[in-house]
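Asks: Sending over data26.tsv (TSV, C-alpha atoms).
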```
chain	number	residue	atom	x	y	z
A	19	MET	CA	-35.56	-17.91	67.95
A	20	LYS	CA	-33.02	-18.03	65.16
A	21	ASP	CA	-34.35	-18.85	61.70
A	22	ASP	CA	-33.06	-22.10	60.30
A	23	HIS	CA	-32.22	-21.17	56.69
A	24	SER	CA	-31.87	-24.16	54.42
A	25	SER	CA	-28.92	-24.15	52.02
A	26	PRO	CA	-29.85	-23.38	48.39
A	27	PRO	CA	-29.03	-25.83	45.59
A	28	ALA	CA	-25.39	-25.59	44.49
A	29	CYS	CA	-24.79	-22.93	41.84
A	30	ASP	CA	-23.44	-24.33	38.55
A	31	CYS	CA	-22.83	-20.98	36.82
A	32	ARG	CA	-19.05	-21.35	37.19
A	33	GLU	CA	-19.16	-24.85	35.75
A	34	SER	CA	-21.24	-23.58	32.81
A	35	SER	CA	-18.73	-20.78	32.19
A	36	ALA	CA	-15.78	-23.16	32.39
A	37	ALA	CA	-17.47	-25.57	29.98
A	38	GLY	CA	-18.06	-22.76	27.51
A	39	THR	CA	-14.37	-21.79	27.69
A	40	ALA	CA	-13.33	-25.41	27.12
A	41	ARG	CA	-15.52	-25.54	24.00
A	42	GLY	CA	-13.58	-22.67	22.46
A	43	GLY	CA	-14.59	-19.56	24.42
A	44	ALA	CA	-12.16	-16.71	24.84
A	45	GLY	CA	-11.65	-17.43	28.52
A	46	THR	CA	-12.06	-13.79	29.56
A	47	GLY	CA	-13.59	-14.67	32.93
A	48	ALA	CA	-17.07	-13.53	31.86
A	49	GLY	CA	-19.98	-15.41	33.37
A	50	PRO	CA	-22.49	-17.50	31.42
A	51	GLU	CA	-25.08	-15.81	29.24
A	52	HIS	CA	-27.87	-17.63	31.10
A	53	PRO	CA	-27.62	-17.84	34.93
A	54	CYS	CA	-28.34	-21.18	36.55
A	55	GLU	CA	-31.64	-21.98	38.23
A	56	SER	CA	-29.98	-21.93	41.66
A	57	ALA	CA	-28.80	-18.33	41.23
A	58	LEU	CA	-32.22	-17.20	40.00
A	59	ALA	CA	-33.97	-18.94	42.93
A	60	THR	CA	-31.58	-17.39	45.47
A	61	TYR	CA	-32.01	-13.88	44.04
A	62	ARG	CA	-35.82	-14.34	44.11
A	63	ARG	CA	-35.68	-15.37	47.78
A	64	ALA	CA	-33.52	-12.36	48.60
A	65	LEU	CA	-35.97	-10.00	46.90
A	66	VAL	CA	-38.87	-11.49	48.87
A	67	ALA	CA	-37.05	-11.74	52.22
A	68	GLY	CA	-35.11	-8.49	51.88
A	69	SER	CA	-31.79	-10.14	52.81
A	70	LEU	CA	-30.08	-13.51	53.07
A	71	PRO	CA	-27.23	-14.91	55.14
A	72	GLN	CA	-24.01	-14.44	53.14
A	73	ASP	CA	-23.21	-18.17	53.21
A	74	GLU	CA	-26.41	-18.78	51.21
A	75	VAL	CA	-25.48	-16.35	48.43
A	76	ALA	CA	-23.96	-17.90	45.32
A	77	GLY	CA	-20.63	-16.52	44.12
A	78	CYS	CA	-22.08	-15.53	40.75
A	79	LEU	CA	-24.53	-13.14	42.42
A	80	ARG	CA	-21.62	-11.46	44.18
A	81	ASP	CA	-19.58	-11.29	40.94
A	82	LEU	CA	-22.50	-9.57	39.20
A	83	HIS	CA	-22.88	-7.22	42.18
A	84	LEU	CA	-26.52	-8.28	42.52
A	85	MET	CA	-25.97	-9.06	46.22
A	86	VAL	CA	-23.92	-6.77	48.50
A	87	ALA	CA	-23.12	-6.78	52.21
A	88	ASP	CA	-25.81	-5.34	54.49
A	89	ARG	CA	-23.93	-2.76	56.55
A	90	GLY	CA	-26.72	-2.74	59.13
A	91	SER	CA	-26.71	-6.52	59.59
A	92	PRO	CA	-23.26	-8.08	59.53
A	93	GLY	CA	-23.24	-11.54	57.98
A	94	PHE	CA	-26.20	-10.76	55.72
A	95	MET	CA	-26.43	-9.59	52.10
A	96	ILE	CA	-29.13	-7.57	50.42
A	97	PRO	CA	-30.28	-7.66	46.78
A	98	VAL	CA	-29.39	-4.83	44.39
A	99	PRO	CA	-31.50	-3.85	41.36
A	100	PRO	CA	-29.85	-5.14	38.13
A	101	GLU	CA	-29.74	-1.63	36.64
A	102	THR	CA	-27.76	-0.42	39.64
A	103	ALA	CA	-25.54	-3.49	39.67
A	104	SER	CA	-24.71	-3.04	36.00
A	105	TYR	CA	-22.70	0.13	36.65
A	106	THR	CA	-20.32	-1.72	38.95
A	107	ALA	CA	-20.31	-5.04	37.06
A	108	LEU	CA	-19.74	-3.54	33.62
A	109	ALA	CA	-17.22	-0.84	34.55
A	110	PRO	CA	-14.13	-3.14	34.32
A	111	LEU	CA	-15.33	-4.50	30.98
A	112	ARG	CA	-15.89	-1.00	29.59
A	113	GLU	CA	-12.43	0.03	30.72
A	114	GLU	CA	-10.87	-3.07	29.13
A	115	LEU	CA	-12.75	-2.37	25.90
A	116	LEU	CA	-11.52	1.24	25.87
A	117	GLU	CA	-7.96	0.05	26.47
A	118	ARG	CA	-8.18	-2.41	23.58
A	119	ARG	CA	-9.52	0.30	21.31
A	120	ARG	CA	-6.63	2.56	22.29
A	121	ALA	CA	-4.21	-0.29	21.55
A	122	LEU	CA	-5.93	-0.88	18.18
A	123	ARG	CA	-5.58	2.79	17.20
A	124	ALA	CA	-1.93	2.85	18.29
A	125	THR	CA	-1.12	-0.31	16.31
A	126	ARG	CA	-2.84	1.02	13.21
A	127	ALA	CA	-0.95	4.29	13.47
A	128	ALA	CA	2.39	2.48	13.80
A	129	LEU	CA	1.67	0.20	10.83
A	130	SER	CA	0.62	3.15	8.66
A	131	VAL	CA	4.10	4.63	9.10
A	132	PHE	CA	5.66	1.41	7.83
A	133	GLU	CA	3.14	1.20	4.97
A	134	THR	CA	4.25	4.63	3.79
A	135	LEU	CA	7.91	3.61	4.01
A	136	TYR	CA	7.23	0.35	2.13
A	137	ALA	CA	5.34	2.17	-0.64
A	138	ASP	CA	8.13	4.75	-1.03
A	139	VAL	CA	10.78	2.06	-1.42
A	140	ARG	CA	8.71	-0.04	-3.83
A	141	ARG	CA	7.80	3.03	-5.88
A	142	SER	CA	11.47	3.62	-6.64
A	143	GLU	CA	11.90	0.05	-7.94
A	144	GLN	CA	11.15	-1.05	-11.49
A	145	PRO	CA	7.80	-2.87	-11.78
A	146	ALA	CA	8.20	-6.63	-12.16
A	147	LEU	CA	5.34	-6.88	-14.68
A	148	THR	CA	4.30	-4.17	-17.13
A	149	ARG	CA	1.44	-4.36	-19.62
A	150	LEU	CA	2.26	-2.96	-23.06
A	151	SER	CA	-0.48	-2.05	-25.52
A	152	GLY	CA	-0.07	-1.04	-29.15
A	153	GLU	CA	2.32	-2.20	-31.84
A	154	ALA	CA	4.48	0.95	-31.62
A	155	VAL	CA	4.83	0.72	-27.83
A	156	ILE	CA	5.76	-2.96	-27.96
A	157	SER	CA	8.23	-2.34	-30.79
A	158	ARG	CA	10.03	0.37	-28.79
A	159	ALA	CA	10.18	-1.86	-25.72
A	160	LEU	CA	11.70	-4.67	-27.79
A	161	GLU	CA	14.24	-2.28	-29.31
A	162	ALA	CA	15.25	-1.25	-25.80
A	163	GLY	CA	15.61	-4.91	-24.83
A	164	VAL	CA	17.76	-5.61	-27.88
A	165	GLY	CA	19.94	-2.59	-27.17
A	166	GLY	CA	20.50	-3.64	-23.58
A	167	CYS	CA	21.16	-7.30	-24.35
A	168	ARG	CA	24.67	-8.43	-23.39
A	169	GLU	CA	24.91	-12.16	-24.06
A	170	GLN	CA	21.94	-14.02	-25.53
A	171	VAL	CA	18.46	-13.73	-27.04
A	172	ARG	CA	16.07	-16.68	-26.79
A	173	THR	CA	12.98	-16.55	-29.02
A	174	ALA	CA	10.07	-18.96	-29.48
A	175	GLN	CA	7.73	-18.21	-32.41
A	176	PRO	CA	4.58	-20.33	-32.82
A	177	GLY	CA	2.21	-20.24	-35.77
A	178	GLY	CA	4.23	-21.49	-38.72
A	179	SER	CA	5.45	-19.13	-41.45
A	180	ARG	CA	5.85	-15.42	-40.69
A	181	PRO	CA	5.01	-12.39	-42.88
A	182	ALA	CA	7.79	-11.17	-45.18
A	183	ARG	CA	7.59	-7.61	-43.75
A	184	VAL	CA	8.08	-8.88	-40.18
A	185	LEU	CA	11.00	-11.08	-41.23
A	186	GLN	CA	12.70	-8.22	-43.08
A	187	GLU	CA	12.48	-5.98	-40.00
A	188	ALA	CA	13.77	-8.79	-37.81
A	189	LEU	CA	16.65	-9.54	-40.20
A	190	THR	CA	18.22	-6.09	-39.82
A	191	ARG	CA	17.94	-6.19	-36.04
A	192	ASP	CA	19.17	-9.78	-35.73
A	193	LEU	CA	22.20	-9.34	-37.97
A	194	SER	CA	23.19	-6.29	-35.93
A	195	ASN	CA	22.93	-8.34	-32.75
A	196	LEU	CA	25.00	-11.16	-34.18
A	197	ARG	CA	27.73	-8.73	-35.24
A	198	ARG	CA	27.89	-7.55	-31.62
A	199	GLY	CA	28.60	-11.12	-30.54
A	200	ILE	CA	25.13	-11.78	-29.11
A	201	ARG	CA	24.11	-15.44	-29.24
A	202	GLN	CA	20.70	-15.89	-30.85
A	203	ARG	CA	18.57	-19.02	-30.55
A	204	THR	CA	15.12	-19.31	-32.12
A	205	ILE	CA	12.50	-22.06	-32.02
A	206	TYR	CA	9.89	-22.26	-34.80
A	207	GLN	CA	7.35	-24.90	-35.62
A	208	HIS	CA	8.22	-27.67	-38.08
A	209	THR	CA	5.89	-26.21	-40.71
A	210	VAL	CA	8.26	-23.28	-41.43
A	211	ARG	CA	10.48	-25.80	-43.20
A	212	SER	CA	8.04	-25.62	-46.12
A	213	ASP	CA	7.89	-21.82	-46.26
A	214	ARG	CA	10.41	-20.27	-48.66
A	215	THR	CA	10.26	-16.77	-47.15
A	216	THR	CA	10.98	-17.97	-43.65
A	217	LEU	CA	13.69	-20.33	-44.88
A	218	ALA	CA	15.40	-17.46	-46.72
A	219	TYR	CA	15.49	-15.49	-43.47
A	220	ILE	CA	16.79	-18.51	-41.56
A	221	GLU	CA	19.51	-19.08	-44.14
A	222	GLN	CA	20.79	-15.51	-43.71
A	223	VAL	CA	20.80	-15.41	-39.91
A	224	THR	CA	22.30	-18.89	-39.50
A	225	ALA	CA	25.07	-17.93	-41.92
A	226	ALA	CA	25.83	-15.06	-39.51
A	227	GLY	CA	25.93	-17.38	-36.51
A	228	ALA	CA	22.32	-17.68	-35.31
A	229	GLU	CA	20.89	-21.05	-34.27
A	230	VAL	CA	17.41	-22.14	-35.34
A	231	ARG	CA	15.49	-25.28	-34.41
A	232	THR	CA	11.91	-26.48	-34.85
A	233	LEU	CA	9.29	-28.41	-32.89
A	234	ALA	CA	5.92	-29.79	-33.84
A	235	GLU	CA	4.30	-27.49	-31.29
A	236	VAL	CA	5.42	-24.23	-29.69
A	237	VAL	CA	3.29	-23.29	-26.69
A	238	ASP	CA	3.39	-19.51	-27.10
A	239	ARG	CA	5.51	-16.59	-28.21
A	240	VAL	CA	8.30	-15.60	-25.81
A	241	ILE	CA	11.45	-13.50	-26.08
A	242	VAL	CA	14.08	-13.62	-23.33
A	243	PHE	CA	17.01	-11.21	-23.20
A	244	ASP	CA	19.87	-12.64	-21.14
A	245	ARG	CA	18.24	-13.68	-17.84
A	246	ASP	CA	16.79	-10.40	-16.68
A	247	LEU	CA	14.12	-9.37	-19.23
A	248	ALA	CA	11.39	-11.22	-21.11
A	249	PHE	CA	8.32	-10.51	-23.22
A	250	VAL	CA	5.24	-12.74	-23.42
A	251	PRO	CA	1.71	-12.20	-24.81
A	252	PHE	CA	-0.64	-10.42	-22.41
A	253	SER	CA	-3.67	-12.06	-24.03
A	254	ASP	CA	-4.72	-13.82	-27.21
A	255	GLU	CA	-5.50	-10.45	-28.79
A	256	PRO	CA	-2.74	-8.97	-30.98
A	257	HIS	CA	-0.58	-6.03	-29.91
A	258	HIS	CA	-0.86	-6.68	-26.17
A	259	ALA	CA	2.31	-7.84	-24.43
A	260	LEU	CA	3.63	-8.28	-20.92
A	261	ARG	CA	7.15	-7.13	-20.07
A	262	VAL	CA	8.59	-9.38	-17.37
A	263	GLN	CA	11.45	-8.14	-15.18
A	264	HIS	CA	11.02	-10.35	-12.12
A	265	PRO	CA	14.25	-12.40	-11.87
A	266	SER	CA	12.51	-15.64	-10.84
A	267	LEU	CA	9.95	-15.44	-13.66
A	268	VAL	CA	12.58	-14.60	-16.28
A	269	ARG	CA	14.74	-17.49	-15.04
A	270	PHE	CA	11.74	-19.83	-15.32
A	271	LEU	CA	11.03	-18.73	-18.90
A	272	ALA	CA	14.69	-19.17	-19.87
A	273	ARG	CA	14.75	-22.68	-18.41
A	274	ALA	CA	11.50	-23.60	-20.17
A	275	PHE	CA	13.01	-22.42	-23.45
A	276	ASP	CA	16.21	-24.42	-22.85
A	277	GLU	CA	14.18	-27.56	-22.16
A	278	ALA	CA	12.24	-27.10	-25.42
A	279	TRP	CA	15.49	-26.33	-27.26
A	280	ALA	CA	16.95	-29.66	-26.17
A	281	ARG	CA	14.01	-31.48	-27.82
A	282	ALA	CA	13.96	-29.38	-31.00
A	283	VAL	CA	15.41	-30.37	-34.39
A	284	PRO	CA	18.11	-28.10	-35.91
A	285	VAL	CA	17.35	-26.30	-39.18
A	286	ARG	CA	20.20	-26.34	-41.67
A	287	PRO	CA	19.00	-24.72	-44.91
A	288	GLU	CA	22.14	-25.79	-46.77
A	289	ARG	CA	21.24	-29.41	-46.24
A	290	ALA	CA	18.41	-31.33	-47.90
A	291	PRO	CA	15.85	-32.59	-47.26
A	292	LEU	CA	14.54	-30.15	-44.64
A	293	ARG	CA	11.62	-32.45	-43.86
A	294	THR	CA	13.61	-35.20	-42.20
A	295	PRO	CA	11.90	-38.40	-40.97
A	296	VAL	CA	12.15	-37.05	-37.43
A	297	VAL	CA	10.33	-33.85	-38.40
A	298	THR	CA	7.66	-35.72	-40.36
A	299	SER	CA	7.13	-38.14	-37.49
A	300	ASP	CA	6.85	-35.29	-34.97
A	301	LEU	CA	4.19	-33.54	-37.05
A	302	GLN	CA	2.21	-36.73	-37.63
A	303	ARG	CA	2.27	-37.65	-33.94
A	304	ALA	CA	1.17	-34.14	-32.93
A	305	ILE	CA	-1.76	-34.31	-35.35
A	306	LEU	CA	-2.76	-37.82	-34.26
A	307	ARG	CA	-2.62	-36.86	-30.58
A	308	ALA	CA	-4.96	-33.96	-31.34
A	309	VAL	CA	-7.35	-36.33	-33.15
A	310	VAL	CA	-7.45	-38.65	-30.14
A	311	ASN	CA	-8.17	-35.63	-27.92
A	312	GLY	CA	-11.14	-34.73	-30.11
A	313	GLU	CA	-9.80	-31.48	-31.59
A	314	THR	CA	-11.21	-30.06	-34.83
A	315	ASP	CA	-9.19	-29.53	-38.00
A	316	ALA	CA	-9.24	-25.76	-37.38
A	317	SER	CA	-7.89	-26.18	-33.84
A	318	ILE	CA	-5.16	-28.57	-35.02
A	319	ALA	CA	-4.14	-26.25	-37.87
A	320	ARG	CA	-3.87	-23.30	-35.49
A	321	ARG	CA	-1.76	-25.22	-32.97
A	322	ILE	CA	0.53	-26.91	-35.48
A	323	GLY	CA	0.96	-23.86	-37.70
A	324	MET	CA	-0.42	-25.70	-40.73
A	325	SER	CA	-3.25	-24.98	-43.15
A	326	ARG	CA	-6.61	-26.69	-42.59
A	327	ARG	CA	-6.30	-28.29	-46.05
A	328	SER	CA	-3.00	-29.92	-45.06
A	329	VAL	CA	-4.48	-31.19	-41.79
A	330	ALA	CA	-7.49	-32.61	-43.65
A	331	GLU	CA	-5.13	-34.36	-46.07
A	332	HIS	CA	-3.27	-35.96	-43.16
A	333	MET	CA	-6.61	-37.11	-41.74
A	334	ARG	CA	-7.62	-38.63	-45.07
A	335	LYS	CA	-4.41	-40.64	-45.39
A	336	VAL	CA	-4.58	-41.97	-41.83
A	337	SER	CA	-8.28	-42.83	-42.24
A	338	GLU	CA	-7.51	-44.84	-45.38
A	339	GLN	CA	-4.62	-46.57	-43.63
A	340	LEU	CA	-6.74	-47.60	-40.64
A	341	GLY	CA	-10.03	-48.17	-42.51
A	342	SER	CA	-11.90	-45.50	-40.58
A	343	THR	CA	-15.29	-44.22	-41.72
A	344	SER	CA	-15.85	-41.46	-39.12
A	345	ARG	CA	-13.86	-38.98	-37.02
A	346	ALA	CA	-14.88	-40.67	-33.77
A	347	GLN	CA	-13.85	-44.07	-35.11
A	348	LEU	CA	-10.56	-42.59	-36.33
A	349	GLY	CA	-9.76	-41.27	-32.85
A	350	TYR	CA	-10.44	-44.71	-31.34
A	351	LEU	CA	-8.42	-46.55	-33.99
A	352	VAL	CA	-5.45	-44.17	-33.61
A	353	ALA	CA	-5.50	-44.61	-29.83
A	354	THR	CA	-5.54	-48.42	-30.08
A	355	SER	CA	-3.34	-48.87	-33.16
A	356	GLY	CA	0.01	-48.22	-31.50
A	357	LEU	CA	0.82	-45.30	-33.80
A	358	LEU	CA	1.42	-43.09	-30.78
A	359	ASP	CA	3.53	-45.62	-28.89
A	360	GLY	CA	7.21	-44.97	-28.26
```
Would it be possible to restate this file's structure as structure tokens?

Replies:
Amino acid sequence: MKDDHSSPPACDCRESSAAGTARGGAGTGAGPEHPCESALATYRRALVAGSLPQDEVAGCLRDLHLMVADRGSPGFMIPVPPETASYTALAPLREELLERRRALRATRAALSVFETLYADVRRSEQPALTRLSGEAVISRALEAGVGGCREQVRTAQPGGSRPARVLQEALTRDLSNLRRGIRQRTIYQHTVRSDRTTLAYIEQVTAAGAEVRTLAEVVDRVIVFDRDLAFVPFSDEPHHALRVQHPSLVRFLARAFDEAWARAVPVRPERAPLRTPVVTSDLQRAILRAVVNGETDASIARRIGMSRRSVAEHMRKVSEQLGSTSRAQLGYLVATSGLLDG
């Protein structure tokens, strides 16, 4: 009498695998990490019975090679030990992994050839940014920039008055440039208008054709030769500079200078007074803005290029004018008084 085998519960391994792929799996066709209860129950029955009709064997058991055709009983399948099945089930995956590793090595080898080519080409180019350390090194680099300049030198000098020795060295170089027809534009801070040494230098270079203007604040030191070379500080420490040869960066620095130049006030030593109302107003507004921002006298003096005593004197006059009895109250009164409007 023929056994009446009941159909096992439907296997949901494929659905589980598909759901995992939909949630972001790689979709490599691999089965689920945890087989379904139906597959486990069917494999258990096969182990106990020795074989099962092939129409009762779930597809996942065939894919894993855990059930194979019984050559002695057509239409039936027999269970295979997992260790034995693993050789057949994992062979395609091992081969695919080996192929991907071969592809990885080939791609790396090809890219390394291009990396060598790229490095060789870049090595022959001038570096876009170069750090310069030491006063002598920076001086030689600036001399080279001056010698190669063709049209214009833009210079911004923060910090107020400059040492007489520095100005004397600059005077010789600048007059030589001007005689070559090089346009020279320099921005100082307003406070140089009270320094006789700096004014004497300005008088000589402007008489030779240089242009000098001042602002209440100059962000930092910068020198731009034409539009292809610039020098800026590398850090706040002295005698450390950065030579800039990247066209886009040099162009940016030149445009920033031109924007500041448009706002600056011309210095004409032959005319008096040098402290015009515009200059005085600029300085006062810069100091008052710093007060509102909570800066100390030392910080204001450093940024404006003015002595701490002068800053303190400005504070005293404004405090008397507004009736302030404390620094905090002064900042509030300045902010609400309208002195910074316009």

Asks: Kindly give the distance, in Å, that separates atom CA of A:Gly349 and atom CA of A:Glu313, rounded to a single decimal.

Replies: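 If I compute the distance from atom CA of A:Gly349 to atom CA of A:Glu313, I get 9.9 Å.
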
Asks: If you count all atoms listed in the file, which residues fall within 9 Å of stretch 322-333 of chain A, apart from same-chain ones fewer than 6 positions away, as a PDB file with C-alpha atoms, keeping the file's coordinate frame?

Replies:
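around_20.pdb was written with the following content:
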```
ATOM      1  CA  PRO A 176       4.580 -20.330 -32.820  1.00  0.00           C
ATOM      2  CA  GLY A 177       2.210 -20.240 -35.770  1.00  0.00           C
ATOM      3  CA  GLY A 178       4.230 -21.490 -38.720  1.00  0.00           C
ATOM      4  CA  SER A 179       5.450 -19.130 -41.450  1.00  0.00           C
ATOM      5  CA  GLN A 207       7.350 -24.900 -35.620  1.00  0.00           C
ATOM      6  CA  HIS A 208       8.220 -27.670 -38.080  1.00  0.00           C
ATOM      7  CA  THR A 209       5.890 -26.210 -40.710  1.00  0.00           C
ATOM      8  CA  VAL A 210       8.260 -23.280 -41.430  1.00  0.00           C
ATOM      9  CA  ALA A 234       5.920 -29.790 -33.840  1.00  0.00           C
ATOM     10  CA  GLU A 235       4.300 -27.490 -31.290  1.00  0.00           C
ATOM     11  CA  VAL A 236       5.420 -24.230 -29.690  1.00  0.00           C
ATOM     12  CA  LEU A 301       4.190 -33.540 -37.050  1.00  0.00           C
ATOM     13  CA  GLN A 302       2.210 -36.730 -37.630  1.00  0.00           C
ATOM     14  CA  ALA A 304       1.170 -34.140 -32.930  1.00  0.00           C
ATOM     15  CA  ILE A 305      -1.760 -34.310 -35.350  1.00  0.00           C
ATOM     16  CA  LEU A 306      -2.760 -37.820 -34.260  1.00  0.00           C
ATOM     17  CA  VAL A 309      -7.350 -36.330 -33.150  1.00  0.00           C
ATOM     18  CA  ASP A 315      -9.190 -29.530 -38.000  1.00  0.00           C
ATOM     19  CA  ALA A 316      -9.240 -25.760 -37.380  1.00  0.00           C
ATOM     20  CA  ARG A 345     -13.860 -38.980 -37.020  1.00  0.00           C
ATOM     21  CA  LEU A 348     -10.560 -42.590 -36.330  1.00  0.00           C
TER      22      LEU A 348
END
```

Asks: Would you mind listing what lies within 12 Å of A:Phe252 as a ChimeraX atom specification, with all atoms listed in the file counted and same-chain residues fewer than 5 positions away left out?

Replies: /A:147-152,156,238-240,257-262

Asks: Using all atoms listed in the file, which protein or nucleic acid residues come within 10 Å of A:Thr173? Drop anything in the same chain fewer than 6 positions from it, and give the result as a ChimeraX atom specification.

Replies: /A:202-206,230,239-243,248-249,272,275

Asks: Atom CA of A:Leu267 and atom CA of A:Tyr136, how far apart in Å?

Replies: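 Going from atom CA of A:Tyr136 over to atom CA of A:Leu267, I get 22.5 Å.
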
Asks: In Å, how far is it from atom CA of A:Arg231 to atom CA of A:Val285?

Replies: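 Distance reported for this atom pair: 5.2 Å.
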
Asks: Taking into account all atoms listed in the file, which residue in the set A:Arg180, A:Arg201, A:Arg126, A:Arg321 is nearest to A:Tyr219?

Replies: A:Arg180

Asks: Quick one: residues within 12 Å of A:Glu101, only C-alpha atoms counted, chain neighbours fewer than 6 positions away excluded, as a ChimeraX atom specification?

Replies: /A:82-84,107-108

Asks: Next, write the just-selected residues to a file, as an mmCIF file, in the coordinates of the input, keeping C-alpha atoms as the atom set.

Replies:
```cif
data_model
loop_
_atom_site.group_PDB
_atom_site.id
_atom_site.type_symbol
_atom_site.label_atom_id
_atom_site.label_comp_id
_atom_site.auth_asym_id
_atom_site.auth_seq_id
_atom_site.Cartn_x
_atom_site.Cartn_y
_atom_site.Cartn_z
ATOM 1 C CA LEU A 82 -22.500 -9.570 39.200
ATOM 2 C CA HIS A 83 -22.880 -7.220 42.180
ATOM 3 C CA LEU A 84 -26.520 -8.280 42.520
ATOM 4 C CA ALA A 107 -20.310 -5.040 37.060
ATOM 5 C CA LEU A 108 -19.740 -3.540 33.620
#
```

Asks: Which is closer to A:Gly199 than all the others in A:Leu122, A:Ala226, A:Val66, A:Val131, using all atoms listed in the file?

Replies: A:Ala226

Asks: Out of A:Ile200, A:Ala218, A:Leu129, A:Val237, which residue has the shortest atom-to-atom distance to A:Pro287 when counting all atoms listed in the file?

Replies: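 For A:Pro287, the nearest of the given residues is A:Ala218.
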